[in-house]
$ cat coords-v8.txt   # compact mmCIF, C-alpha atoms
# COMPACT_ATOMS: atom_id res chain seq x y z
CA MET A 1 99.29 112.46 78.31
CA THR A 2 101.11 115.59 79.50
CA ALA A 3 103.31 115.56 82.58
CA LEU A 4 103.01 118.36 85.10
CA PRO A 5 106.02 120.65 84.66
CA PRO A 6 108.43 121.39 87.50
CA GLY A 7 107.11 124.24 89.61
CA SER A 8 103.65 122.67 89.77
CA THR A 9 102.05 122.00 93.15
CA ILE A 10 101.13 118.55 94.43
CA GLY A 11 98.34 118.47 97.00
CA ILE A 12 98.75 115.74 99.62
CA LEU A 13 95.89 114.58 101.82
CA GLY A 14 97.43 113.79 105.19
CA GLY A 15 100.33 115.29 107.06
CA GLY A 16 102.24 112.26 108.38
CA GLN A 17 105.70 110.92 107.71
CA LEU A 18 104.77 109.38 104.35
CA GLY A 19 103.68 112.82 103.18
CA ARG A 20 106.90 114.28 104.57
CA MET A 21 109.12 111.92 102.60
CA THR A 22 106.97 112.39 99.49
CA ALA A 23 107.35 116.17 99.79
CA LEU A 24 111.13 115.86 100.10
CA ALA A 25 111.26 113.67 96.99
CA ALA A 26 108.98 116.08 95.14
CA ALA A 27 111.25 119.01 95.98
CA ASN A 28 114.19 117.18 94.40
CA LEU A 29 112.20 117.00 91.16
CA GLY A 30 111.26 120.69 91.28
CA TYR A 31 107.70 120.37 92.63
CA ARG A 32 106.05 122.11 95.56
CA CYS A 33 103.75 120.31 97.97
CA HIS A 34 100.64 121.62 99.73
CA ILE A 35 99.38 119.55 102.66
CA TYR A 36 95.73 119.21 103.69
CA ASP A 37 95.21 117.82 107.18
CA PRO A 38 92.91 118.41 110.17
CA ALA A 39 95.97 118.86 112.40
CA PRO A 40 98.57 121.62 112.05
CA ASP A 41 102.36 121.14 112.14
CA GLY A 42 102.45 117.48 111.14
CA PRO A 43 105.69 115.97 109.85
CA ALA A 44 104.78 116.73 106.22
CA SER A 45 103.86 120.35 106.90
CA LEU A 46 107.34 121.03 108.28
CA VAL A 47 108.92 120.45 104.85
CA SER A 48 106.14 121.64 102.51
CA ALA A 49 105.40 124.96 100.83
CA ALA A 50 101.91 125.32 102.31
CA THR A 51 99.37 123.64 104.59
CA THR A 52 95.61 123.94 104.73
CA VAL A 53 94.16 122.92 108.10
CA GLY A 54 90.60 121.69 107.73
CA GLY A 55 88.23 118.81 108.32
CA TRP A 56 87.62 116.14 105.72
CA ASP A 57 84.05 117.45 105.36
CA ASP A 58 84.98 121.16 105.20
CA THR A 59 83.81 121.91 101.66
CA ALA A 60 85.03 125.50 101.66
CA ALA A 61 88.54 124.56 102.80
CA LEU A 62 88.68 121.67 100.34
CA ALA A 63 87.59 123.90 97.46
CA ALA A 64 90.28 126.45 98.32
CA PHE A 65 92.84 123.65 98.57
CA ALA A 66 91.82 122.26 95.15
CA ALA A 67 92.18 125.72 93.59
CA ALA A 68 95.74 126.00 94.93
CA VAL A 69 97.13 122.70 93.59
CA ASP A 70 97.60 121.00 90.23
CA VAL A 71 97.04 117.38 91.30
CA VAL A 72 95.90 115.69 94.52
CA THR A 73 97.16 112.47 96.07
CA LEU A 74 97.08 110.94 99.55
CA GLU A 75 99.53 109.59 102.09
CA PHE A 76 97.12 107.49 104.15
CA GLU A 77 93.89 105.72 103.31
CA ASN A 78 91.57 106.87 106.08
CA VAL A 79 90.39 109.86 104.06
CA PRO A 80 86.62 109.71 103.38
CA VAL A 81 85.81 108.63 99.83
CA ALA A 82 83.42 111.59 99.62
CA THR A 83 86.38 113.93 100.11
CA LEU A 84 88.17 112.44 97.11
CA GLU A 85 84.98 112.61 95.03
CA LEU A 86 84.53 116.29 95.89
CA LEU A 87 88.13 117.11 94.98
CA ALA A 88 88.00 115.03 91.78
CA ARG A 89 85.32 117.36 90.42
CA ARG A 90 87.81 120.23 90.66
CA VAL A 91 91.32 118.83 90.09
CA PRO A 92 92.94 115.54 88.98
CA VAL A 93 93.08 113.06 91.88
CA HIS A 94 95.45 110.06 91.91
CA PRO A 95 94.65 107.44 93.06
CA GLY A 96 90.94 107.70 92.45
CA PRO A 97 88.02 106.91 94.77
CA LEU A 98 87.79 103.21 93.78
CA ALA A 99 91.23 102.32 95.15
CA LEU A 100 90.47 104.17 98.37
CA GLN A 101 87.07 102.54 98.78
CA VAL A 102 88.48 99.03 98.38
CA ALA A 103 91.50 99.62 100.64
CA GLN A 104 89.40 101.10 103.45
CA HIS A 105 87.31 97.99 104.06
CA ARG A 106 88.85 94.61 104.79
CA VAL A 107 85.94 92.52 103.50
CA GLU A 108 85.74 94.50 100.27
CA GLU A 109 89.52 94.25 99.96
CA LYS A 110 89.44 90.46 100.20
CA ARG A 111 86.47 90.17 97.84
CA PHE A 112 88.20 92.39 95.28
CA ALA A 113 91.35 90.27 95.42
CA ARG A 114 89.35 87.11 94.87
CA HIS A 115 87.42 88.78 92.04
CA CYS A 116 90.84 89.34 90.42
CA GLY A 117 91.57 85.60 90.69
CA LEU A 118 93.96 85.94 93.63
CA GLU A 119 94.10 83.88 96.81
CA THR A 120 93.40 85.17 100.33
CA ALA A 121 93.00 83.58 103.74
CA PRO A 122 89.49 82.20 104.36
CA PHE A 123 87.32 85.04 105.69
CA TRP A 124 83.78 85.92 106.75
CA GLY A 125 82.08 89.31 107.02
CA VAL A 126 80.66 89.86 110.50
CA THR A 127 78.10 92.45 111.65
CA THR A 128 76.43 90.57 114.56
CA LEU A 129 77.34 88.05 117.23
CA ASP A 130 75.31 85.39 115.39
CA GLU A 131 77.29 86.07 112.21
CA LEU A 132 80.49 85.68 114.22
CA ALA A 133 79.37 82.22 115.28
CA ASP A 134 78.48 81.35 111.67
CA GLY A 135 81.82 82.69 110.50
CA LEU A 136 83.77 80.63 113.00
CA SER A 137 82.05 77.49 111.70
CA ALA A 138 83.00 78.42 108.15
CA VAL A 139 86.52 79.77 108.76
CA GLY A 140 87.68 77.56 111.61
CA VAL A 141 90.23 78.18 114.35
CA PRO A 142 92.63 79.69 115.03
CA ALA A 143 91.21 82.92 113.64
CA ILE A 144 91.49 86.68 114.01
CA LEU A 145 88.55 89.04 114.43
CA LYS A 146 89.33 92.48 113.01
CA THR A 147 87.53 95.74 112.51
CA CYS A 148 86.91 96.36 108.81
CA ARG A 149 87.95 100.01 109.04
CA PHE A 150 90.66 102.07 110.73
CA GLY A 151 92.69 99.21 112.16
CA TYR A 152 96.46 99.49 111.77
CA ASP A 153 99.67 98.44 113.52
CA GLY A 154 97.86 95.60 115.27
CA LYS A 155 94.99 97.75 116.56
CA GLY A 156 91.39 96.56 116.24
CA GLN A 157 92.29 92.85 116.28
CA ILE A 158 91.38 89.98 118.62
CA ALA A 159 92.68 86.42 118.41
CA ILE A 160 90.02 83.71 118.45
CA GLY A 161 90.89 80.19 119.66
CA MET A 162 89.10 77.04 120.71
CA ASP A 163 88.43 78.38 124.21
CA SER A 164 87.56 81.95 123.28
CA SER A 165 84.30 83.53 124.38
CA LEU A 166 82.74 84.86 121.18
CA ARG A 167 80.45 87.19 123.10
CA GLU A 168 83.39 88.66 125.03
CA ALA A 169 85.45 89.05 121.86
CA TRP A 170 82.56 90.76 120.07
CA VAL A 171 82.02 93.21 122.92
CA ASP A 172 85.76 93.90 123.23
CA LEU A 173 86.11 94.61 119.51
CA GLY A 174 83.51 97.37 119.81
CA SER A 175 82.55 97.37 116.12
CA GLU A 176 79.57 96.11 114.14
CA ASP A 177 81.60 96.07 110.93
CA ALA A 178 84.16 93.30 111.20
CA ILE A 179 85.90 90.46 109.42
CA LEU A 180 86.86 87.04 110.73
CA GLU A 181 89.97 85.63 109.06
CA ARG A 182 91.58 82.24 109.43
CA ARG A 183 95.03 82.62 110.98
CA ILE A 184 97.55 81.48 108.39
CA ASP A 185 100.53 79.36 109.42
CA PHE A 186 102.76 81.16 106.95
CA ALA A 187 106.41 80.67 106.09
CA ALA A 188 107.03 84.36 105.42
CA GLU A 189 105.37 87.76 105.17
CA ILE A 190 106.41 89.80 102.15
CA SER A 191 105.21 92.98 100.49
CA VAL A 192 105.39 94.34 96.97
CA ILE A 193 105.06 98.00 96.03
CA VAL A 194 103.99 98.56 92.45
CA ALA A 195 103.82 101.90 90.67
CA ARG A 196 101.35 102.55 87.88
CA GLY A 197 101.67 105.64 85.73
CA LEU A 198 99.12 107.73 83.88
CA ASP A 199 99.92 105.75 80.74
CA GLY A 200 99.14 102.45 82.49
CA GLU A 201 102.73 101.27 82.78
CA CYS A 202 103.42 99.21 85.90
CA ARG A 203 106.79 98.78 87.61
CA ALA A 204 107.17 96.76 90.79
CA PHE A 205 109.95 97.08 93.32
CA PRO A 206 111.62 93.87 94.51
CA PRO A 207 109.61 92.32 97.36
CA ALA A 208 110.59 92.96 100.97
CA LEU A 209 110.60 90.31 103.70
CA ASN A 210 108.82 91.73 106.75
CA GLU A 211 109.04 91.03 110.46
CA HIS A 212 106.31 92.32 112.76
CA ARG A 213 106.35 92.65 116.55
CA GLY A 214 103.19 93.43 118.45
CA GLY A 215 101.39 94.06 115.17
CA ILE A 216 103.89 96.78 114.13
CA LEU A 217 106.40 96.37 111.32
CA ARG A 218 109.81 96.16 112.97
CA ARG A 219 112.17 95.15 110.18
CA SER A 220 112.20 94.69 106.41
CA LEU A 221 114.89 92.96 104.36
CA ALA A 222 115.00 93.57 100.62
CA PRO A 223 115.22 92.09 98.13
CA ALA A 224 113.39 89.33 100.00
CA PRO A 225 115.34 86.06 100.19
CA VAL A 226 112.50 83.94 98.81
CA ASP A 227 112.10 81.59 95.87
CA PRO A 228 112.04 83.34 92.47
CA ALA A 229 108.65 81.73 91.79
CA VAL A 230 107.26 83.47 94.87
CA VAL A 231 108.70 86.79 93.68
CA GLN A 232 107.12 86.33 90.26
CA ALA A 233 103.72 85.42 91.73
CA ALA A 234 103.70 88.33 94.18
CA VAL A 235 104.75 90.89 91.58
CA ALA A 236 102.12 89.58 89.15
CA ALA A 237 99.41 89.73 91.84
CA ALA A 238 100.30 93.29 92.85
CA SER A 239 100.29 94.43 89.22
CA THR A 240 96.95 92.72 88.63
CA LEU A 241 95.40 94.60 91.55
CA ALA A 242 96.84 97.96 90.45
CA GLU A 243 95.46 97.52 86.96
CA ALA A 244 92.05 96.31 88.15
CA LEU A 245 91.78 99.35 90.44
CA GLU A 246 92.85 101.62 87.54
CA LEU A 247 95.24 103.07 90.07
CA VAL A 248 97.67 105.88 89.31
CA GLY A 249 100.35 106.16 91.98
CA LEU A 250 101.61 103.43 94.28
CA LEU A 251 99.93 100.28 95.54
CA ALA A 252 101.49 98.35 98.42
CA VAL A 253 100.34 94.75 98.76
CA GLU A 254 101.15 92.61 101.79
CA PHE A 255 101.24 88.84 101.28
CA PHE A 256 101.43 85.67 103.33
CA VAL A 257 103.68 83.03 101.75
CA THR A 258 102.68 79.49 102.70
CA GLU A 259 105.05 76.57 103.24
CA ASP A 260 104.13 75.20 99.80
CA GLY A 261 104.89 78.52 98.09
CA ARG A 262 101.39 79.92 97.64
CA VAL A 263 101.02 83.70 97.82
CA LEU A 264 97.95 85.00 99.70
CA VAL A 265 96.88 88.65 99.54
CA ASN A 266 96.61 90.05 103.07
CA GLU A 267 96.19 93.84 102.82
CA ILE A 268 96.58 96.63 100.29
CA ALA A 269 97.38 100.33 100.65
CA PRO A 270 97.16 102.84 97.75
CA ARG A 271 100.13 104.93 98.90
CA PRO A 272 103.78 104.64 99.91
CA HIS A 273 104.35 101.98 102.53
CA ASN A 274 106.57 101.44 105.56
CA SER A 275 108.04 98.29 104.02
CA GLY A 276 109.22 100.33 101.03
CA HIS A 277 111.46 102.67 103.01
CA TRP A 278 114.48 100.55 102.10
CA THR A 279 114.24 101.91 98.55
CA GLN A 280 115.48 105.32 99.75
CA ASP A 281 119.01 103.97 100.14
CA GLY A 282 118.97 100.60 98.40
CA CYS A 283 117.23 101.12 95.08
CA ALA A 284 117.76 103.04 91.85
CA THR A 285 114.55 105.02 92.53
CA SER A 286 112.95 105.48 95.94
CA GLN A 287 109.28 104.66 96.41
CA PHE A 288 108.66 108.34 97.16
CA GLU A 289 110.26 109.60 93.95
CA GLN A 290 108.35 106.92 92.04
CA PHE A 291 105.13 108.05 93.69
CA VAL A 292 105.76 111.64 92.59
CA ARG A 293 106.64 110.49 89.08
CA ALA A 294 103.43 108.47 88.79
CA VAL A 295 100.97 111.12 90.00
CA THR A 296 102.57 113.93 87.96
CA GLY A 297 102.70 111.92 84.74
CA LEU A 298 106.49 111.63 84.56
CA PRO A 299 108.10 108.45 83.20
CA LEU A 300 108.52 105.85 85.93
CA GLY A 301 112.04 105.38 87.22
CA PRO A 302 114.07 102.14 87.31
CA VAL A 303 113.29 99.79 90.19
CA ASP A 304 116.55 97.83 90.28
CA ALA A 305 117.93 96.99 93.72
CA LEU A 306 121.43 98.37 94.18
CA PHE A 307 122.04 96.95 97.66
CA GLU A 308 120.61 94.28 99.88
CA THR A 309 119.10 96.59 102.49
CA GLU A 310 117.73 96.16 105.99
CA MET A 311 115.19 98.72 107.20
CA THR A 312 114.51 98.95 110.94
CA ASN A 313 111.70 101.09 112.35
CA LEU A 314 112.50 103.34 115.28
CA ILE A 315 109.47 102.94 117.52
CA GLY A 316 108.90 105.03 120.62
CA ASP A 317 112.06 105.40 122.69
CA ASP A 318 114.16 103.76 119.94
CA ALA A 319 114.50 107.24 118.47
CA GLY A 320 116.56 108.28 121.47
CA GLY A 321 119.42 106.26 120.02
CA TRP A 322 119.92 108.70 117.15
CA PRO A 323 123.46 109.77 118.19
CA ALA A 324 124.76 106.20 117.92
CA LEU A 325 122.92 105.64 114.65
CA MET A 326 124.40 108.79 113.17
CA ALA A 327 127.85 107.56 114.17
CA GLU A 328 127.32 104.04 112.77
CA PRO A 329 129.21 103.54 109.50
CA GLY A 330 126.81 102.84 106.63
CA ALA A 331 123.63 103.51 108.58
CA LYS A 332 121.21 105.92 106.89
CA LEU A 333 118.99 107.59 109.48
CA HIS A 334 115.59 109.05 108.62
CA LEU A 335 113.75 110.92 111.40
CA TYR A 336 110.19 112.20 111.01
CA GLY A 337 110.29 115.39 113.07
CA LYS A 338 107.57 114.29 115.50
CA ALA A 339 107.61 116.41 118.65
CA GLU A 340 106.34 113.76 121.07
CA ILE A 341 107.67 110.27 121.65
CA ARG A 342 104.95 107.76 122.53
CA PRO A 343 105.03 103.97 122.96
CA GLY A 344 104.24 102.27 119.66
CA ARG A 345 104.69 105.48 117.65
CA LYS A 346 106.91 105.38 114.58
CA MET A 347 109.51 108.11 115.07
CA GLY A 348 111.83 107.26 112.20
CA HIS A 349 113.73 104.44 110.56
CA VAL A 350 117.27 103.43 109.71
CA ASN A 351 118.44 101.76 106.51
CA ARG A 352 121.55 99.60 106.47
CA ARG A 353 123.05 98.62 103.13
CA LEU A 354 124.34 95.10 103.72
CA ARG A 355 126.02 94.34 100.39
CA PRO A 356 125.86 95.33 96.75
CA TRP A 357 123.07 93.58 94.89
CA ARG A 358 123.47 91.96 91.49
CA THR A 359 120.62 90.76 89.33
CA ASP A 360 122.31 87.38 89.07
CA THR A 361 122.57 87.06 92.89
CA PRO A 362 120.64 83.95 93.96
CA ALA A 363 117.69 84.58 96.27
$ encode --input "coords-v8.txt" --output "structure tokens"
Amino acid sequence: MTALPPGSTIGILGGGQLGRMTALAAANLGYRCHIYDPAPDGPASLVSAATTVGGWDDTAALAAFAAAVDVVTLEFENVPVATLELLARRVPVHPGPLALQVAQHRVEEKRFARHCGLETAPFWGVTTLDELADGLSAVGVPAILKTCRFGYDGKGQIAIGMDSSLREAWVDLGSEDAILERRIDFAAEISVIVARGLDGECRAFPPALNEHRGGILRRSLAPAPVDPAVVQAAVAAASTLAEALELVGLLAVEFFVTEDGRVLVNEIAPRPHNSGHWTQDGCATSQFEQFVRAVTGLPLGPVDALFETEMTNLIGDDAGGWPALMAEPGAKLHLYGKAEIRPGRKMGHVNRRLRPWRTDTPA
């Protein structure tokens, strides 16, 4: 295995804030980044050496992009698998098409987790109203009906209760590719981000405890104050998934933790993750540096927590409070350079280091 030398170019599919922070980390290690995105002037393009603007099915633009980079990765998972397959015939692509295919479809995601021997919430694949009725009998209530593709930050989801009209819910969802999941009465939501290198080595960051509001991640606290047995189970599950997917890069895995300490796989993402932003200021290696290290073949960095860290997303008008945040002692502000503030849009985040973290600190 040979690592890409500094001065090489990393191609990133997607121009959002995750690509932006990856490009900044790559620059610190001596790499250039080249963004491919259908939209110009995204957050990542503002800090990268080059941008190709093109559609995901633009074979000529993709071929030119592949010729200009030394490795390709992605910063969000809604890239067509066919795009990755086309690029993989021309240049190394990490992660590969399998990880993307599984992460893009909620039913396949759940089936893959169970195939790996991991627990999930009860679920049922739904493509018709009749299948929704069958699924409700199998899964029970309360439940959540979700689109299998493209749902994020609470979008594409409808709660199903005892008095719900299944026909109305099916029409409102507007998709014939859906999943019905039993709503879990969980004790906590946590996430683990695991890196896997070209040599197969896995290193997992300490789990983060997550708080969502309106389906959007609002706050993460890391390392998560949960039982060590839960930490061990979640890290083992995330590593199992990364290895089974033969992933090179980062895999973020969100879990429900039940009252009796069981760890249920909820969702996966083969890329940096919002809940890992705390690592920028609270960990020996940030998730973005680790991502760059993994896809370029460098040795993985240490994942020790240095501080107990609270990450808070700045959503919509929250970003207007940047002067106070910049004046707050100990607050580390990260803004994404988005030109337009919109309700529900992630504009940045702030990390607060609460106290030094020791490995012998009880959870």
$ closest_residue --input "coords-v8.txt" --among "A:Glu176, A:Leu100, A:Gly19, A:Leu87" --to "Val126 of chain A" --atoms "all atoms listed in the file"
A:Glu176
$ closest_atom_pairs --input "coords-v8.txt" --of "segment 253-361 of chain A" --to "segment 227-230 of chain A" --cutoff "8 Å" --atoms "only C-alpha atoms" --output "CSV"
residue,atom,partner,partner_atom,distance
A:Val257,CA,A:Val230,CA,7.8
A:Gly261,CA,A:Val230,CA,6.4
A:Arg262,CA,A:Val230,CA,7.4
A:Val263,CA,A:Val230,CA,6.9
$ closest_residue --input "coords-v8.txt" --among "A:His94, A:His115, A:Arg358, A:Arg213" --to "Cys283 of chain A" --atoms "all atoms listed in the file"
A:Arg358
$ atom_distance --input "coords-v8.txt" --atom1 "atom CA of Ala44 of chain A" --atom2 "atom CA of Lys338 of chain A"
10.0 Å
$ residues_around --input "coords-v8.txt" --residues "Ala222 of chain A" --least-positions-apart "3" --cutoff "6 Å" --atoms "all atoms listed in the file" --output "list in words"
Ala208, Glu308 and Thr309 of chain A
$ residues_around --input "coords-v8.txt" --residues "Glu77 of chain A" --least-positions-apart "5" --cutoff "10 Å" --atoms "only C-alpha atoms" --output "list of chain:residue names"
A:Leu13, A:Gly14, A:Ala99, A:Leu100, A:Gln101, A:Val102, A:Ala103, A:Gln104, A:Phe150, A:Ile268, A:Ala269, A:Pro270, A:Arg271
$ closest_residue --input "coords-v8.txt" --among "A:Leu136, A:Leu314, A:Ala68, A:Ile10" --to "Ile341 of chain A" --atoms "only C-alpha atoms"
A:Leu314
$ residues_around --input "coords-v8.txt" --residues "segment 197-207 of chain A" --least-positions-apart "6" --cutoff "6 Å" --atoms "only C-alpha atoms" --output "PyMOL selection string"
chain A and resi 191+223-224+248+294+297+303
$ atom_distance --input "coords-v8.txt" --atom1 "atom CA of Leu173 of chain A" --atom2 "atom CA of Gly55 of chain A"
26.7 Å
$ closest_residue --input "coords-v8.txt" --among "A:Leu29, A:Lys332, A:Met21, A:Asn210" --to "Leu298 of chain A" --atoms "all atoms listed in the file"
A:Leu29
$ closest_residue --input "coords-v8.txt" --among "A:Ser164, A:Thr312, A:Asn28, A:Thr120" --to "Val253 of chain A" --atoms "only C-alpha atoms"
A:Thr120
$ decode --input "coords-v8.txt" --residues "segment 224-234 of chain A" --atoms "all heavy atoms" --output "PDB file, in the first residue's frame"
ATOM      1  N   ALA A 224     -19.731  10.475  25.062  1.00  0.00           N
ATOM      2  CA  ALA A 224     -21.091  10.296  25.562  1.00  0.00           C
ATOM      3  C   ALA A 224     -21.075   9.747  26.985  1.00  0.00           C
ATOM      4  O   ALA A 224     -20.351   8.780  27.277  1.00  0.00           O
ATOM      5  CB  ALA A 224     -21.863   9.343  24.651  1.00  0.00           C
ATOM      6  N   PRO A 225     -21.854  10.336  27.891  1.00  0.00           N
ATOM      7  CA  PRO A 225     -21.930   9.837  29.262  1.00  0.00           C
ATOM      8  C   PRO A 225     -22.859   8.629  29.365  1.00  0.00           C
ATOM      9  O   PRO A 225     -23.969   8.703  29.897  1.00  0.00           O
ATOM     10  CB  PRO A 225     -22.477  11.044  30.032  1.00  0.00           C
ATOM     11  CG  PRO A 225     -23.314  11.775  29.028  1.00  0.00           C
ATOM     12  CD  PRO A 225     -22.641  11.569  27.705  1.00  0.00           C
ATOM     13  N   VAL A 226     -22.402   7.514  28.827  1.00  0.00           N
ATOM     14  CA  VAL A 226     -23.183   6.276  28.841  1.00  0.00           C
ATOM     15  C   VAL A 226     -22.326   5.161  29.432  1.00  0.00           C
ATOM     16  O   VAL A 226     -21.111   5.304  29.591  1.00  0.00           O
ATOM     17  CB  VAL A 226     -23.664   5.895  27.422  1.00  0.00           C
ATOM     18  CG1 VAL A 226     -24.633   6.934  26.878  1.00  0.00           C
ATOM     19  CG2 VAL A 226     -22.489   5.734  26.471  1.00  0.00           C
ATOM     20  N   ASP A 227     -22.964   4.058  29.742  1.00  0.00           N
ATOM     21  CA  ASP A 227     -22.276   2.921  30.350  1.00  0.00           C
ATOM     22  C   ASP A 227     -21.151   2.419  29.445  1.00  0.00           C
ATOM     23  O   ASP A 227     -21.324   2.354  28.223  1.00  0.00           O
ATOM     24  CB  ASP A 227     -23.291   1.794  30.586  1.00  0.00           C
ATOM     25  CG  ASP A 227     -22.722   0.676  31.429  1.00  0.00           C
ATOM     26  OD1 ASP A 227     -22.004  -0.174  30.872  1.00  0.00           O
ATOM     27  OD2 ASP A 227     -23.001   0.670  32.639  1.00  0.00           O
ATOM     28  N   PRO A 228     -20.000   2.059  30.008  1.00  0.00           N
ATOM     29  CA  PRO A 228     -18.899   1.541  29.182  1.00  0.00           C
ATOM     30  C   PRO A 228     -19.296   0.344  28.321  1.00  0.00           C
ATOM     31  O   PRO A 228     -18.753   0.169  27.220  1.00  0.00           O
ATOM     32  CB  PRO A 228     -17.837   1.161  30.208  1.00  0.00           C
ATOM     33  CG  PRO A 228     -18.088   2.066  31.373  1.00  0.00           C
ATOM     34  CD  PRO A 228     -19.580   2.242  31.425  1.00  0.00           C
ATOM     35  N   ALA A 229     -20.241  -0.465  28.802  1.00  0.00           N
ATOM     36  CA  ALA A 229     -20.683  -1.607  27.995  1.00  0.00           C
ATOM     37  C   ALA A 229     -21.401  -1.141  26.737  1.00  0.00           C
ATOM     38  O   ALA A 229     -21.288  -1.772  25.670  1.00  0.00           O
ATOM     39  CB  ALA A 229     -21.598  -2.517  28.820  1.00  0.00           C
ATOM     40  N   VAL A 230     -22.128  -0.039  26.824  1.00  0.00           N
ATOM     41  CA  VAL A 230     -22.793   0.532  25.659  1.00  0.00           C
ATOM     42  C   VAL A 230     -21.756   1.068  24.679  1.00  0.00           C
ATOM     43  O   VAL A 230     -21.860   0.865  23.459  1.00  0.00           O
ATOM     44  CB  VAL A 230     -23.774   1.642  26.088  1.00  0.00           C
ATOM     45  CG1 VAL A 230     -24.274   2.427  24.882  1.00  0.00           C
ATOM     46  CG2 VAL A 230     -24.942   1.052  26.861  1.00  0.00           C
ATOM     47  N   VAL A 231     -20.738   1.751  25.199  1.00  0.00           N
ATOM     48  CA  VAL A 231     -19.655   2.244  24.345  1.00  0.00           C
ATOM     49  C   VAL A 231     -19.010   1.094  23.590  1.00  0.00           C
ATOM     50  O   VAL A 231     -18.804   1.154  22.373  1.00  0.00           O
ATOM     51  CB  VAL A 231     -18.598   2.995  25.184  1.00  0.00           C
ATOM     52  CG1 VAL A 231     -17.387   3.351  24.328  1.00  0.00           C
ATOM     53  CG2 VAL A 231     -19.202   4.244  25.814  1.00  0.00           C
ATOM     54  N   GLN A 232     -18.683   0.035  24.310  1.00  0.00           N
ATOM     55  CA  GLN A 232     -18.016  -1.115  23.699  1.00  0.00           C
ATOM     56  C   GLN A 232     -18.884  -1.743  22.614  1.00  0.00           C
ATOM     57  O   GLN A 232     -18.401  -2.066  21.515  1.00  0.00           O
ATOM     58  CB  GLN A 232     -17.683  -2.151  24.769  1.00  0.00           C
ATOM     59  CG  GLN A 232     -16.920  -3.351  24.261  1.00  0.00           C
ATOM     60  CD  GLN A 232     -16.556  -4.318  25.390  1.00  0.00           C
ATOM     61  OE1 GLN A 232     -16.976  -4.161  26.524  1.00  0.00           O
ATOM     62  NE2 GLN A 232     -15.762  -5.324  25.065  1.00  0.00           N
ATOM     63  N   ALA A 233     -20.183  -1.892  22.891  1.00  0.00           N
ATOM     64  CA  ALA A 233     -21.086  -2.509  21.917  1.00  0.00           C
ATOM     65  C   ALA A 233     -21.241  -1.639  20.675  1.00  0.00           C
ATOM     66  O   ALA A 233     -21.249  -2.148  19.540  1.00  0.00           O
ATOM     67  CB  ALA A 233     -22.448  -2.767  22.564  1.00  0.00           C
ATOM     68  N   ALA A 234     -21.362  -0.322  20.868  1.00  0.00           N
ATOM     69  CA  ALA A 234     -21.548   0.574  19.732  1.00  0.00           C
ATOM     70  C   ALA A 234     -20.301   0.638  18.861  1.00  0.00           C
ATOM     71  O   ALA A 234     -20.385   0.611  17.625  1.00  0.00           O
ATOM     72  CB  ALA A 234     -21.930   1.967  20.226  1.00  0.00           C
TER      73      ALA A 234
END
